[in-house]
file upload23.cif (mmCIF, C-alpha atoms)
data_query
#
loop_
_atom_site.group_PDB
_atom_site.id
_atom_site.type_symbol
_atom_site.label_atom_id
_atom_site.label_comp_id
_atom_site.auth_asym_id
_atom_site.auth_seq_id
_atom_site.Cartn_x
_atom_site.Cartn_y
_atom_site.Cartn_z
ATOM 1 C CA MET B 1 94.710 230.033 166.363
ATOM 2 C CA TYR B 2 97.716 228.743 168.314
ATOM 3 C CA GLU B 3 101.183 230.260 168.082
ATOM 4 C CA ALA B 4 104.643 229.117 169.152
ATOM 5 C CA GLU B 5 108.273 229.805 168.457
ATOM 6 C CA ALA B 6 111.273 227.560 168.908
ATOM 7 C CA PRO B 7 115.006 228.236 168.844
ATOM 8 C CA VAL B 8 117.737 226.273 167.175
ATOM 9 C CA ASN B 9 119.950 224.001 169.223
ATOM 10 C CA ILE B 10 123.500 222.990 168.502
ATOM 11 C CA ALA B 11 124.761 219.556 169.458
ATOM 12 C CA LEU B 12 127.969 219.615 171.460
ATOM 13 C CA VAL B 13 128.167 215.819 171.250
ATOM 14 C CA LYS B 14 126.563 214.964 167.928
ATOM 15 C CA TYR B 15 123.719 212.642 167.036
ATOM 16 C CA TRP B 16 124.535 210.928 163.738
ATOM 17 C CA GLY B 17 122.914 207.699 162.606
ATOM 18 C CA LYS B 18 119.602 205.984 163.271
ATOM 19 C CA ARG B 19 118.852 202.590 164.749
ATOM 20 C CA ASP B 20 115.265 202.918 163.451
ATOM 21 C CA VAL B 21 114.671 205.273 160.529
ATOM 22 C CA SER B 22 110.864 205.300 160.699
ATOM 23 C CA LEU B 23 110.852 206.319 164.378
ATOM 24 C CA ASN B 24 113.940 208.563 164.202
ATOM 25 C CA LEU B 25 115.647 206.565 166.942
ATOM 26 C CA PRO B 26 119.320 207.531 167.210
ATOM 27 C CA THR B 27 122.278 205.183 167.370
ATOM 28 C CA ASN B 28 123.742 207.293 170.186
ATOM 29 C CA SER B 29 122.694 209.779 172.841
ATOM 30 C CA SER B 30 123.579 213.437 172.286
ATOM 31 C CA LEU B 31 124.161 216.580 174.310
ATOM 32 C CA SER B 32 123.112 219.986 173.018
ATOM 33 C CA VAL B 33 122.687 223.591 174.021
ATOM 34 C CA THR B 34 119.587 225.635 173.231
ATOM 35 C CA LEU B 35 120.512 229.016 171.759
ATOM 36 C CA GLU B 36 118.667 232.273 172.344
ATOM 37 C CA THR B 37 119.381 235.068 169.852
ATOM 38 C CA CYS B 38 120.612 238.267 171.527
ATOM 39 C CA THR B 39 121.086 240.568 168.535
ATOM 40 C CA SER B 40 118.263 242.676 167.121
ATOM 41 C CA SER B 41 118.166 242.132 163.377
ATOM 42 C CA ASP B 42 116.154 240.362 160.700
ATOM 43 C CA LEU B 43 118.353 237.299 161.211
ATOM 44 C CA GLN B 44 116.984 235.445 164.248
ATOM 45 C CA LEU B 45 117.697 231.781 164.987
ATOM 46 C CA VAL B 46 114.060 230.926 165.643
ATOM 47 C CA THR B 47 111.132 229.355 163.820
ATOM 48 C CA ARG B 48 107.693 230.868 164.307
ATOM 49 C CA THR B 49 104.614 228.720 163.745
ATOM 50 C CA ILE B 50 100.871 229.391 163.706
ATOM 51 C CA VAL B 51 98.405 226.492 163.733
ATOM 52 C CA GLU B 52 94.708 226.955 163.019
ATOM 53 C CA PRO B 53 91.773 224.646 162.157
ATOM 54 C CA HIS B 54 91.369 223.961 158.444
ATOM 55 C CA HIS B 55 89.379 221.692 156.152
ATOM 56 C CA GLU B 56 92.513 219.602 155.503
ATOM 57 C CA ASP B 57 96.045 219.388 156.820
ATOM 58 C CA SER B 58 98.274 221.811 154.934
ATOM 59 C CA VAL B 59 101.603 223.542 155.424
ATOM 60 C CA ILE B 60 102.881 226.967 154.432
ATOM 61 C CA LEU B 61 106.664 227.082 154.888
ATOM 62 C CA ASN B 62 108.280 230.466 154.320
ATOM 63 C CA GLY B 63 105.271 231.531 152.244
ATOM 64 C CA VAL B 64 105.118 228.413 150.044
ATOM 65 C CA GLU B 65 102.072 226.173 150.496
ATOM 66 C CA SER B 66 102.284 222.404 150.139
ATOM 67 C CA ALA B 67 100.729 219.168 151.312
ATOM 68 C CA PRO B 68 102.257 217.764 154.501
ATOM 69 C CA ASN B 69 105.309 215.611 153.905
ATOM 70 C CA GLU B 70 105.723 212.181 155.467
ATOM 71 C CA ARG B 71 107.522 213.546 158.514
ATOM 72 C CA ILE B 72 104.719 215.990 159.305
ATOM 73 C CA LYS B 73 102.124 213.263 158.755
ATOM 74 C CA ARG B 74 103.985 210.980 161.169
ATOM 75 C CA CYS B 75 104.151 213.701 163.790
ATOM 76 C CA LEU B 76 100.461 214.610 163.465
ATOM 77 C CA LYS B 77 99.408 210.945 163.525
ATOM 78 C CA TYR B 78 101.186 210.423 166.844
ATOM 79 C CA LEU B 79 99.652 213.573 168.315
ATOM 80 C CA ARG B 80 96.162 212.505 167.223
ATOM 81 C CA SER B 81 96.709 209.119 168.884
ATOM 82 C CA ILE B 82 96.937 211.027 172.188
ATOM 83 C CA ALA B 83 93.918 213.272 171.672
ATOM 84 C CA ASP B 84 91.956 213.925 168.484
ATOM 85 C CA PHE B 85 91.955 217.405 166.983
ATOM 86 C CA PRO B 86 90.720 218.818 163.647
ATOM 87 C CA CYS B 87 92.731 219.212 160.476
ATOM 88 C CA VAL B 88 95.100 222.137 160.653
ATOM 89 C CA LYS B 89 96.838 224.706 158.512
ATOM 90 C CA VAL B 90 100.429 225.118 159.694
ATOM 91 C CA ARG B 91 102.103 228.440 158.881
ATOM 92 C CA THR B 92 105.823 228.269 159.559
ATOM 93 C CA GLU B 93 108.513 230.854 159.010
ATOM 94 C CA ASN B 94 112.219 230.270 159.536
ATOM 95 C CA MET B 95 113.963 233.530 160.417
ATOM 96 C CA PHE B 96 117.242 232.128 159.063
ATOM 97 C CA PRO B 97 118.415 230.016 156.066
ATOM 98 C CA THR B 98 116.650 226.658 155.679
ATOM 99 C CA ALA B 99 118.491 223.336 155.158
ATOM 100 C CA ALA B 100 121.918 224.979 155.529
ATOM 101 C CA GLY B 101 123.125 223.162 158.633
ATOM 102 C CA LEU B 102 121.439 225.516 161.092
ATOM 103 C CA ALA B 103 118.897 223.042 162.513
ATOM 104 C CA SER B 104 115.855 224.554 160.792
ATOM 105 C CA SER B 105 113.961 221.248 160.970
ATOM 106 C CA ALA B 106 114.723 220.994 164.698
ATOM 107 C CA SER B 107 113.246 224.398 165.506
ATOM 108 C CA GLY B 108 110.424 223.820 163.011
ATOM 109 C CA TYR B 109 109.060 220.622 164.524
ATOM 110 C CA ALA B 110 109.601 221.875 168.072
ATOM 111 C CA ALA B 111 107.492 224.939 167.213
ATOM 112 C CA LEU B 112 104.817 222.779 165.556
ATOM 113 C CA VAL B 113 104.460 220.467 168.561
ATOM 114 C CA THR B 114 104.444 223.386 170.991
ATOM 115 C CA ALA B 115 101.701 225.144 169.013
ATOM 116 C CA ILE B 116 99.554 222.005 168.940
ATOM 117 C CA SER B 117 100.055 221.578 172.682
ATOM 118 C CA GLY B 118 97.778 224.605 172.941
ATOM 119 C CA MET B 119 95.030 222.482 171.365
ATOM 120 C CA ILE B 120 95.537 219.240 173.309
ATOM 121 C CA PRO B 121 97.187 218.406 176.646
ATOM 122 C CA LEU B 122 100.703 217.007 176.249
ATOM 123 C CA ASP B 123 103.302 216.151 178.863
ATOM 124 C CA ALA B 124 107.036 216.727 178.331
ATOM 125 C CA ASN B 125 107.728 213.162 177.172
ATOM 126 C CA GLN B 126 104.857 213.219 174.669
ATOM 127 C CA LYS B 127 106.126 216.502 173.240
ATOM 128 C CA SER B 128 109.623 215.039 172.993
ATOM 129 C CA ILE B 129 108.431 211.928 171.136
ATOM 130 C CA ALA B 130 106.201 213.920 168.769
ATOM 131 C CA ALA B 131 108.982 216.349 167.862
ATOM 132 C CA ARG B 132 111.468 213.491 167.415
ATOM 133 C CA LEU B 133 109.124 211.773 164.958
ATOM 134 C CA GLY B 134 109.275 214.881 162.792
ATOM 135 C CA SER B 135 113.007 215.516 163.087
ATOM 136 C CA GLY B 136 115.291 213.752 165.529
ATOM 137 C CA SER B 137 117.048 216.779 166.948
ATOM 138 C CA ALA B 138 113.752 218.695 167.265
ATOM 139 C CA CYS B 139 113.170 217.039 170.622
ATOM 140 C CA ARG B 140 116.169 219.003 171.947
ATOM 141 C CA SER B 141 114.829 222.411 170.852
ATOM 142 C CA LEU B 142 111.836 221.958 173.146
ATOM 143 C CA PHE B 143 113.877 222.379 176.311
ATOM 144 C CA ASP B 144 115.936 225.029 178.084
ATOM 145 C CA GLY B 145 119.691 225.211 178.557
ATOM 146 C CA PHE B 146 121.839 222.121 178.127
ATOM 147 C CA VAL B 147 119.761 219.199 176.912
ATOM 148 C CA LEU B 148 120.406 215.459 176.889
ATOM 149 C CA TRP B 149 118.649 213.301 174.298
ATOM 150 C CA GLU B 150 118.824 209.683 175.414
ATOM 151 C CA SER B 151 119.101 207.155 172.609
ATOM 152 C CA GLY B 152 117.039 204.650 174.596
ATOM 153 C CA ILE B 153 116.863 200.913 174.113
ATOM 154 C CA GLN B 154 113.152 200.234 173.603
ATOM 155 C CA THR B 155 112.144 199.263 170.072
ATOM 156 C CA ASP B 156 109.063 201.507 170.201
ATOM 157 C CA GLY B 157 111.177 204.538 171.125
ATOM 158 C CA SER B 158 109.283 205.234 174.339
ATOM 159 C CA ASP B 159 112.537 205.860 176.232
ATOM 160 C CA SER B 160 114.233 207.925 173.496
ATOM 161 C CA ILE B 161 113.398 211.320 174.971
ATOM 162 C CA SER B 162 115.068 214.633 175.711
ATOM 163 C CA LYS B 163 115.276 216.569 178.944
ATOM 164 C CA SER B 164 116.945 219.718 180.235
ATOM 165 C CA ILE B 165 119.770 218.768 182.592
ATOM 166 C CA ILE B 166 121.543 222.100 183.214
ATOM 167 C CA ALA B 167 119.582 225.369 183.333
ATOM 168 C CA PRO B 168 120.444 228.362 181.109
ATOM 169 C CA GLY B 169 121.542 230.497 184.057
ATOM 170 C CA HIS B 170 124.264 228.066 185.134
ATOM 171 C CA TRP B 171 126.954 229.628 182.914
ATOM 172 C CA PRO B 172 125.833 233.173 182.060
ATOM 173 C CA GLU B 173 129.242 234.181 180.655
ATOM 174 C CA LEU B 174 129.089 231.541 177.900
ATOM 175 C CA CYS B 175 128.364 233.048 174.483
ATOM 176 C CA CYS B 176 127.944 231.665 170.989
ATOM 177 C CA LEU B 177 128.604 233.439 167.719
ATOM 178 C CA VAL B 178 126.900 231.820 164.743
ATOM 179 C CA LEU B 179 128.746 232.611 161.539
ATOM 180 C CA ILE B 180 126.524 232.278 158.466
ATOM 181 C CA LEU B 181 129.164 231.275 155.937
ATOM 182 C CA SER B 182 126.684 229.939 153.377
ATOM 183 C CA ALA B 183 122.910 230.113 152.988
ATOM 184 C CA ALA B 184 122.900 227.444 150.269
ATOM 185 C CA GLU B 185 120.980 224.222 150.770
ATOM 186 C CA LYS B 186 123.404 221.379 151.451
ATOM 187 C CA ALA B 187 124.010 218.868 148.686
ATOM 188 C CA VAL B 188 123.518 215.802 150.930
ATOM 189 C CA SER B 189 120.670 215.964 153.436
ATOM 190 C CA SER B 190 121.293 214.961 157.038
ATOM 191 C CA ALA B 191 119.042 211.917 156.639
ATOM 192 C CA ALA B 192 120.899 210.716 153.540
ATOM 193 C CA GLY B 193 124.278 211.466 155.094
ATOM 194 C CA MET B 194 123.452 209.520 158.259
ATOM 195 C CA GLU B 195 122.305 206.485 156.311
ATOM 196 C CA ARG B 196 125.458 206.508 154.204
ATOM 197 C CA THR B 197 127.685 206.786 157.280
ATOM 198 C CA VAL B 198 125.939 203.999 159.186
ATOM 199 C CA HIS B 199 126.266 201.597 156.251
ATOM 200 C CA THR B 200 129.713 202.454 154.925
ATOM 201 C CA SER B 201 131.969 204.173 157.490
ATOM 202 C CA GLU B 202 134.541 201.903 159.118
ATOM 203 C CA LEU B 203 135.222 204.584 161.758
ATOM 204 C CA PHE B 204 131.576 204.919 162.809
ATOM 205 C CA PRO B 205 131.426 201.934 165.244
ATOM 206 C CA SER B 206 134.477 203.283 167.065
ATOM 207 C CA ARG B 207 132.783 206.673 167.477
ATOM 208 C CA LEU B 208 129.683 205.047 168.982
ATOM 209 C CA GLU B 209 131.803 203.385 171.651
ATOM 210 C CA LYS B 210 133.297 206.725 172.705
ATOM 211 C CA VAL B 211 130.155 208.893 172.795
ATOM 212 C CA PRO B 212 129.065 208.028 176.382
ATOM 213 C CA ASP B 213 132.473 209.114 177.690
ATOM 214 C CA HIS B 214 132.349 212.278 175.569
ATOM 215 C CA ILE B 215 129.020 213.213 177.143
ATOM 216 C CA ALA B 216 130.143 212.430 180.698
ATOM 217 C CA HIS B 217 133.362 214.437 180.357
ATOM 218 C CA LEU B 218 131.621 217.371 178.703
ATOM 219 C CA LEU B 219 128.929 217.500 181.365
ATOM 220 C CA ARG B 220 131.655 217.661 183.990
ATOM 221 C CA ALA B 221 133.322 220.569 182.184
ATOM 222 C CA ILE B 222 129.991 222.420 181.942
ATOM 223 C CA GLU B 223 129.177 221.808 185.602
ATOM 224 C CA GLN B 224 132.621 223.152 186.577
ATOM 225 C CA ARG B 225 132.424 225.988 184.019
ATOM 226 C CA ASP B 226 135.831 224.887 182.745
ATOM 227 C CA PHE B 227 135.999 226.626 179.361
ATOM 228 C CA SER B 228 139.349 225.176 178.306
ATOM 229 C CA LYS B 229 138.161 221.603 178.755
ATOM 230 C CA PHE B 230 134.730 222.431 177.316
ATOM 231 C CA ALA B 231 136.364 223.865 174.206
ATOM 232 C CA GLU B 232 138.654 220.895 173.606
ATOM 233 C CA LEU B 233 135.843 218.350 173.974
ATOM 234 C CA VAL B 234 133.422 220.277 171.755
ATOM 235 C CA MET B 235 135.978 220.754 168.975
ATOM 236 C CA ARG B 236 137.165 217.148 169.128
ATOM 237 C CA ASP B 237 133.607 215.863 168.833
ATOM 238 C CA SER B 238 132.898 218.133 165.872
ATOM 239 C CA ASN B 239 136.093 216.983 164.155
ATOM 240 C CA GLN B 240 135.273 213.343 164.792
ATOM 241 C CA PHE B 241 131.752 213.760 163.450
ATOM 242 C CA HIS B 242 133.041 215.243 160.198
ATOM 243 C CA ALA B 243 135.731 212.565 160.028
ATOM 244 C CA VAL B 244 133.127 209.775 159.956
ATOM 245 C CA CYS B 245 131.213 211.755 157.327
ATOM 246 C CA MET B 246 134.351 211.872 155.175
ATOM 247 C CA ASP B 247 135.012 208.186 155.921
ATOM 248 C CA SER B 248 131.605 207.333 154.420
ATOM 249 C CA TYR B 249 131.614 205.972 150.903
ATOM 250 C CA PRO B 250 131.181 207.995 148.798
ATOM 251 C CA PRO B 251 132.428 210.608 151.280
ATOM 252 C CA VAL B 252 130.059 213.265 152.638
ATOM 253 C CA PHE B 253 131.452 216.805 152.803
ATOM 254 C CA TYR B 254 129.597 219.436 154.811
ATOM 255 C CA LEU B 255 132.410 221.922 155.476
ATOM 256 C CA ASN B 256 133.555 224.446 152.880
ATOM 257 C CA GLU B 257 136.685 226.547 152.482
ATOM 258 C CA ALA B 258 135.385 229.231 154.843
ATOM 259 C CA SER B 259 134.622 226.547 157.449
ATOM 260 C CA ARG B 260 138.195 225.298 157.271
ATOM 261 C CA THR B 261 139.467 228.869 157.574
ATOM 262 C CA VAL B 262 137.449 229.213 160.809
ATOM 263 C CA ILE B 263 139.059 226.053 162.195
ATOM 264 C CA HIS B 264 142.572 227.332 161.448
ATOM 265 C CA LEU B 265 141.770 230.774 162.904
ATOM 266 C CA VAL B 266 140.445 229.298 166.137
ATOM 267 C CA HIS B 267 143.464 227.081 166.702
ATOM 268 C CA GLY B 268 145.777 229.983 165.942
ATOM 269 C CA TYR B 269 143.894 232.228 168.386
ATOM 270 C CA ASN B 270 144.126 229.492 171.016
ATOM 271 C CA ARG B 271 147.859 228.934 170.619
ATOM 272 C CA GLU B 272 148.776 230.269 174.062
ATOM 273 C CA ASN B 273 145.429 230.149 175.838
ATOM 274 C CA VAL B 274 142.190 228.362 174.863
ATOM 275 C CA ARG B 275 139.598 231.091 174.431
ATOM 276 C CA LEU B 276 137.462 229.960 171.481
ATOM 277 C CA ALA B 277 135.762 226.739 170.411
ATOM 278 C CA TYR B 278 134.092 225.815 167.125
ATOM 279 C CA THR B 279 131.528 223.219 166.254
ATOM 280 C CA PHE B 280 129.802 222.483 162.949
ATOM 281 C CA ASP B 281 126.623 220.521 162.362
ATOM 282 C CA ALA B 282 125.801 218.966 158.987
ATOM 283 C CA GLY B 283 126.596 222.166 157.128
ATOM 284 C CA PRO B 284 129.335 224.763 156.644
ATOM 285 C CA ASN B 285 128.110 227.350 159.142
ATOM 286 C CA ALA B 286 130.182 227.774 162.292
ATOM 287 C CA PHE B 287 129.069 227.919 165.909
ATOM 288 C CA ILE B 288 131.791 229.663 167.910
ATOM 289 C CA PHE B 289 131.755 229.475 171.707
ATOM 290 C CA CYS B 290 133.609 231.901 173.936
ATOM 291 C CA LEU B 291 133.281 233.670 177.245
ATOM 292 C CA GLU B 292 131.781 237.147 177.226
ATOM 293 C CA ALA B 293 135.169 238.829 177.711
ATOM 294 C CA GLU B 294 136.332 237.438 174.325
ATOM 295 C CA LEU B 295 133.188 238.247 172.367
ATOM 296 C CA GLN B 296 134.264 241.471 170.663
ATOM 297 C CA SER B 297 137.764 240.217 169.875
ATOM 298 C CA ALA B 298 136.298 237.058 168.341
ATOM 299 C CA LYS B 299 133.944 239.070 166.124
ATOM 300 C CA GLU B 300 136.812 241.259 164.941
ATOM 301 C CA LEU B 301 138.951 238.202 164.184
ATOM 302 C CA PHE B 302 136.403 236.559 161.900
ATOM 303 C CA LEU B 303 135.263 239.790 160.222
ATOM 304 C CA SER B 304 138.854 240.675 159.351
ATOM 305 C CA GLN B 305 139.987 237.235 158.214
ATOM 306 C CA ILE B 306 137.021 235.658 156.406
ATOM 307 C CA PRO B 307 136.384 237.188 152.964
ATOM 308 C CA GLY B 308 132.800 238.314 152.465
ATOM 309 C CA LEU B 309 131.708 237.854 156.072
ATOM 310 C CA ALA B 310 129.668 240.845 157.273
ATOM 311 C CA THR B 311 128.328 241.845 160.659
ATOM 312 C CA SER B 312 124.837 240.999 159.344
ATOM 313 C CA ASN B 313 125.978 237.365 158.923
ATOM 314 C CA ILE B 314 126.949 236.959 162.572
ATOM 315 C CA VAL B 315 124.307 236.096 165.157
ATOM 316 C CA GLU B 316 125.145 236.517 168.823
ATOM 317 C CA CYS B 317 123.498 233.985 171.137
ATOM 318 C CA ARG B 318 123.406 232.918 174.750
ATOM 319 C CA VAL B 319 122.276 229.701 176.395
ATOM 320 C CA GLY B 320 118.518 230.116 176.432
ATOM 321 C CA ARG B 321 115.048 228.723 176.762
ATOM 322 C CA GLY B 322 113.364 226.186 174.554
ATOM 323 C CA ALA B 323 110.153 226.307 172.551
ATOM 324 C CA HIS B 324 107.343 228.409 173.961
#
call {"tool": "encode", "arguments": {"input": "upload23.cif", "output": "structure tokens"}}
result
Amino acid sequence: MYEAEAPVNIALVKYWGKRDVSLNLPTNSSLSVTLETCTSSDLQLVTRTIVEPHHEDSVILNGVESAPNERIKRCLKYLRSIADFPCVKVRTENMFPTAAGLASSASGYAALVTAISGMIPLDANQKSIAARLGSGSACRSLFDGFVLWESGIQTDGSDSISKSIIAPGHWPELCCLVLILSAAEKAVSSAAGMERTVHTSELFPSRLEKVPDHIAHLLRAIEQRDFSKFAELVMRDSNQFHAVCMDSYPPVFYLNEASRTVIHLVHGYNRENVRLAYTFDAGPNAFIFCLEAELQSAKELFLSQIPGLATSNIVECRVGRGAH
């Protein structure tokens, strides 16, 4: 029996769109941060996976057994091309809502690949490729701290890999509050939303041109621990990502009323001094960055101003380690 757990990651410069759907090759590089849950509660932003030999490949996700889907088959096929191993039963449990814009597939496939790496030898690039074949952003949850996923140019995807570029300890004061505003499964999956955007959004090509500069500028802000600049760049990228989603035809909406309330609250809080930053993935749940000195005030702001939000729906995180 082989066990692993993997955290969620949140993209600071988003990956959205695929140049090759079957290989999960992105249209643009992305920059993310791996999040380590700091609060002790039932809500943990991790996926825990156990892999054990079995008479056939099977999956138990959150207690429900099923045959492997195409993404799992693709991942296992690649791993078996490196070194053969027997059929496996994969037991996976997400400690947070699934398919709600909290990167459950990212942590799930990162945990799966890490567990199987106990059965066969895998180097960092092989792990990255295997996880990416399951879910694109999963290759980022493998690694510590701030992670760059290169889009690559090779048609076989051999250079589309992730790597840690800034260690977790670089900016110890940086915190992230994850606000669970909805546990509902999103109406349009990330895969479907990406495909729609790539084929129909007139704004999308313009975004692709700007992403390399976004990454370079954001890396500079992180290296300098410049929170004000970090916050502006992260929020602008999130806004632009959701703008191209809404520019798709038919439009794709991932934010809800509570999400928009968060955006207004953050900009109001920042009126005189930039102290908070939001970002949203393909879902309504908010990732709020701040420095440690602002943490309690930020919690109080959202608890008092967002109807129905409880302390149990807020997860406190720090920049942390990847799958292990």
call {"tool": "closest_residue", "arguments": {"input": "upload23.cif", "among": "B:Arg74, B:Val211, B:Leu43, B:Val198", "to": "Leu31 of chain B", "atoms": "only C-alpha atoms"}}
result
B:Val211
call {"tool": "residues_around", "arguments": {"input": "upload23.cif", "residues": "segment 82-96 of chain B", "least_positions_apart": "3", "cutoff": "7 Å", "atoms": "all atoms listed in the file", "output": "PyMOL selection string"}}
result
chain B and resi 43-62+78-79+104+120
call {"tool": "closest_residue", "arguments": {"input": "upload23.cif", "among": "B:Ile165, B:Ala286, B:Leu25, B:Val178", "to": "Cys38 of chain B", "atoms": "all atoms listed in the file"}}
result
B:Val178
call {"tool": "residues_around", "arguments": {"input": "upload23.cif", "residues": "Gly322 of chain B", "least_positions_apart": "6", "cutoff": "7 Å", "atoms": "all atoms listed in the file", "output": "PyMOL selection string"}}
result
chain B and resi 6-7+34+141-144
call {"tool": "residues_near_point", "arguments": {"input": "upload23.cif", "point": "(120.0, 201.8, 172.7)", "cutoff": "12 Å", "atoms": "all atoms listed in the file", "output": "short mmCIF file (atom, residue, chain, number, x, y, z; two decimals) with C-alpha atoms, in the coordinates of the input"}}
result
data_model
loop_
_atom_site.label_atom_id
_atom_site.label_comp_id
_atom_site.auth_asym_id
_atom_site.auth_seq_id
_atom_site.Cartn_x
_atom_site.Cartn_y
_atom_site.Cartn_z
CA LYS B 18 119.60 205.98 163.27
CA ARG B 19 118.85 202.59 164.75
CA ASP B 20 115.26 202.92 163.45
CA LEU B 25 115.65 206.56 166.94
CA PRO B 26 119.32 207.53 167.21
CA THR B 27 122.28 205.18 167.37
CA ASN B 28 123.74 207.29 170.19
CA SER B 29 122.69 209.78 172.84
CA TRP B 149 118.65 213.30 174.30
CA GLU B 150 118.82 209.68 175.41
CA SER B 151 119.10 207.16 172.61
CA GLY B 152 117.04 204.65 174.60
CA ILE B 153 116.86 200.91 174.11
CA GLN B 154 113.15 200.23 173.60
CA THR B 155 112.14 199.26 170.07
CA ASP B 156 109.06 201.51 170.20
CA GLY B 157 111.18 204.54 171.12
CA SER B 158 109.28 205.23 174.34
CA ASP B 159 112.54 205.86 176.23
CA SER B 160 114.23 207.92 173.50
CA ILE B 161 113.40 211.32 174.97
CA LEU B 208 129.68 205.05 168.98
CA GLU B 209 131.80 203.38 171.65
CA PRO B 212 129.06 208.03 176.38
#
call {"tool": "resolve_selection", "arguments": {"input": "upload23.cif", "expression": "the PyMOL selection byres ((chain B and resi 324) around 6)", "output": "tab-separated table (two decimals) with C-alpha atoms, in the coordinates of the input"}}
result
chain	number	residue	atom	x	y	z
B	4	ALA	CA	104.64	229.12	169.15
B	5	GLU	CA	108.27	229.80	168.46
B	323	ALA	CA	110.15	226.31	172.55
call {"tool": "closest_residue", "arguments": {"input": "upload23.cif", "among": "B:Val274, B:Arg236, B:Lys210, B:Leu301", "to": "Thr261 of chain B", "atoms": "only C-alpha atoms"}}
result
B:Leu301
call {"tool": "resolve_selection", "arguments": {"input": "upload23.cif", "expression": "the PyMOL selection byres ((chain B and resi 229) around 12)", "output": "ChimeraX atom specification"}}
result
/B:214,217-228,230-236,273-277
call {"tool": "closest_residue", "arguments": {"input": "upload23.cif", "among": "B:Arg318, B:Thr114, B:Leu177, B:Cys245", "to": "Gln296 of chain B", "atoms": "all atoms listed in the file"}}
result
B:Leu177
call {"tool": "atom_distance", "arguments": {"input": "upload23.cif", "atom1": "atom CA of Thr39 of chain B", "atom2": "atom CA of Leu303 of chain B"}}
result
16.5 Å
call {"tool": "closest_residue", "arguments": {"input": "upload23.cif", "among": "B:Leu203, B:Cys75, B:Ala106, B:Leu265", "to": "Ser190 of chain B", "atoms": "only C-alpha atoms"}}
result
B:Ala106
call {"tool": "closest_residue", "arguments": {"input": "upload23.cif", "among": "B:Met119, B:Cys317, B:Ile263, B:Met246", "to": "Glu173 of chain B", "atoms": "all atoms listed in the file"}}
result
B:Cys317
call {"tool": "resolve_selection", "arguments": {"input": "upload23.cif", "expression": "the PyMOL selection byres ((chain B and resi 129-136) around 7)", "output": "list in words"}}
result
Leu23, Asn24, Arg71, Ile72, Arg74, Cys75, Tyr78, Leu79, Ser105, Ala106, Tyr109, Ala110, Val113, Asn125, Gln126, Lys127, Ser128, Ser137, Ala138, Cys139 and Ile161 of chain B
call {"tool": "atom_distance", "arguments": {"input": "upload23.cif", "atom1": "atom CA of Ser162 of chain B", "atom2": "atom CA of Pro121 of chain B"}}
result
18.3 Å
call {"tool": "atom_distance", "arguments": {"input": "upload23.cif", "atom1": "atom CA of Ala167 of chain B", "atom2": "atom CA of Asn9 of chain B"}}
result
14.2 Å
call {"tool": "residues_around", "arguments": {"input": "upload23.cif", "residues": "Ser312 of chain B", "least_positions_apart": "2", "cutoff": "10 Å", "atoms": "all atoms listed in the file", "output": "PyMOL selection string"}}
result
chain B and resi 39+41-43+179-180+309-310+314-315
call {"tool": "residues_around", "arguments": {"input": "upload23.cif", "residues": "Ser30 of chain B", "least_positions_apart": "5", "cutoff": "6 Å", "atoms": "all atoms listed in the file", "output": "JSON, numbers by chain"}}
result
{"B": [13, 14, 15, 148, 149]}
